[in-house]
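Asker: Dropping a structure here in structure tokens format, bear with me for questions.
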Amino acid sequence: MTHAITILADENIANIDDYLSHHDINVIKLKGRDINQAAIDTHRPHALFIRSVTPIHQGSIQDFGDVRFIGSATIGTDHVDTDYLAERGISFTNAKGCSKHSVAQYVITSILTLRPDSAHQPITLGIIGLGNIGSTLAHYAHELNWQVLGHDPFLAASAINNSSLDDALSRSDVVSIHTPLTHTGENSTHEMLSADNLSKLKNNALLINTARGEIINQDDLLNNIRTKNLQAVLDVFPHEPHIDQVLLDHLDIATPHIAGYTLEGKLRGTDMIYQAFCQEFGLPVIQQINPLLPDNPYKWPDLLTGVRSSHEQTLKNYYDIAKDDLDLRAVANDGVHPADFDHLRKTYNLRREWLS
């Protein structure tokens, strides 16, 4: 049987069969790192459904063949050269904002796990980058009565975009990074947190990075952990998917790039690129997201009540982040190797978002 449309899809994109089985489409699922020039040459797809592990740029793919649409089920786009695609007339969409609550809740969990007193003793939270995730995190922080010092040079001043980078770093008890990875311009974020900026952090501050690993210089981070008693939570790593053993040993919480891994976040990512794909190819949108979501017992107001009453088990019931940390450390053997890192992500038991 000949199908009108062929899609090369990352095998780890959530519920992709539920979305695409309603259409006359040939779906070929591969490991994300195997969606490359050879795969395009072999399968001649019309569309690619990818995640952040698939690089799309001139160095990775030169001949797109019949590809006219690429959808990335991710918030970030640093793995895709969008100008390169536009020059070739290829439509691109990403899942902007799909996991903003998931990542923000990961950050809140990290803080409450390492600093449980912050549930009833307000802290100052520095948020670097105030896009979908950073602004969502600010909302949760305000509900915990935390002070927010936000910094985003690309946005107008506001109630949350209220600080210089220096102030956000130097005055905050906790700093959370939510910028894209960029390499050019005066606001380049590549190794934005190296010796100079890391030195501005308070002694005993907590630094959290769920954005991109290359935003932090690894050697300078280790130096500050050793000399300033800096605490660090990393969900992303400078040499990901490899994690250096020395770095791992010095982190308070380490997880394998799963901050956004909730059922809701994953399904939203698939849903967003599915809808854009249908629009590009003139297909009806048949599958909706809500029928794929089972009942959710996790409510943010209930969690707030629990943690304010010093019920530590309440937080673990919502998200036991210590288990994710232990699972990552359990596979370490002179560092975490790429195959083990990818396996943890592929087999991850998706969390549920906390409902407002």
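By order of appearance in the structure tokens: chains A, B, ..., then residues from 1 within every chain, and ligands from 1 in the order shown.
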List as a short mmCIF file (atom, residue, chain, number, x, y, z; two decimals) with C-alpha atoms, in the first residue's frame the protein and nucleic acid residues near range 16-29 of chain A, meaning an atom at most 6 Å away when only C-alpha atoms are counted, but skip any in the same chain fewer than 5 places from it.
Answerer:
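Okay, this is what ended up in selection.cif:
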data_model
loop_
_atom_site.label_atom_id
_atom_site.label_comp_id
_atom_site.auth_asym_id
_atom_site.auth_seq_id
_atom_site.Cartn_x
_atom_site.Cartn_y
_atom_site.Cartn_z
CA HIS A 3 0.74 6.27 1.49
CA ILE A 5 2.62 11.18 3.14
CA THR A 6 5.67 9.73 4.90
CA ILE A 7 6.85 11.02 8.27
CA LEU A 8 10.15 10.28 9.97
CA ALA A 9 9.42 10.54 13.68
CA ASP A 10 11.43 10.33 16.87
CA GLU A 11 10.25 7.15 18.59
CA GLN A 287 -7.21 13.65 17.57
#
Asker: Could you pull out all residues of range 141-312 of chain A with a DSSP call of helix (DSSP H, G or I) and give them as a count of residues only?
Answerer: 65
Asker: Extract, using only C-alpha atoms, all DNA, RNA and protein residues at most 12 Å from Gln105 in chain A, discarding same-chain residues fewer than 2 positions from it, and format them as a count of residues only.
Answerer: 42
Asker: Using only C-alpha atoms, which residue out of A:Leu247, A:Leu283, A:Leu328, A:Val67 lies closest to Asn223 in chain A?
Answerer: A:Leu247
Asker: If I take CA of Leu125 in chain A and CA of Ile208 in chain A, how far is one from the other in Å, to one decimal?
Answerer: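 Between these atoms lies a distance of 10.7 Å.
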Asker: Calculated over only C-alpha atoms, which of the candidates A:Thr54, A:Gln279, A:Asn15, A:Ser164 has the smallest distance to Asp34 in chain A?
Answerer: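 Under the stated criterion, the closest residue is A:Thr54.
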Asker: Report the distance between CA of Ile216 in chain A and CA of Val236 in chain A in Å, rounded to one decimal place.
Answerer: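 Taking CA of Ile216 in chain A and CA of Val236 in chain A, their separation equals 9.8 Å.
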Asker: What separation in Å, quoted to one decimal, exists between CA of Arg308 in chain A and CA of Asp173 in chain A?
Answerer: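 Distance reported for this atom pair: 19.0 Å.
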Asker: For Ile215 in chain A, which residue out of A:Ile127, A:Ile177, A:Ile286, A:Ala254 is the nearest one, using only C-alpha atoms?
Answerer: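 Residue with the minimum atom-to-atom distance to Ile215 in chain A: A:Ile177.
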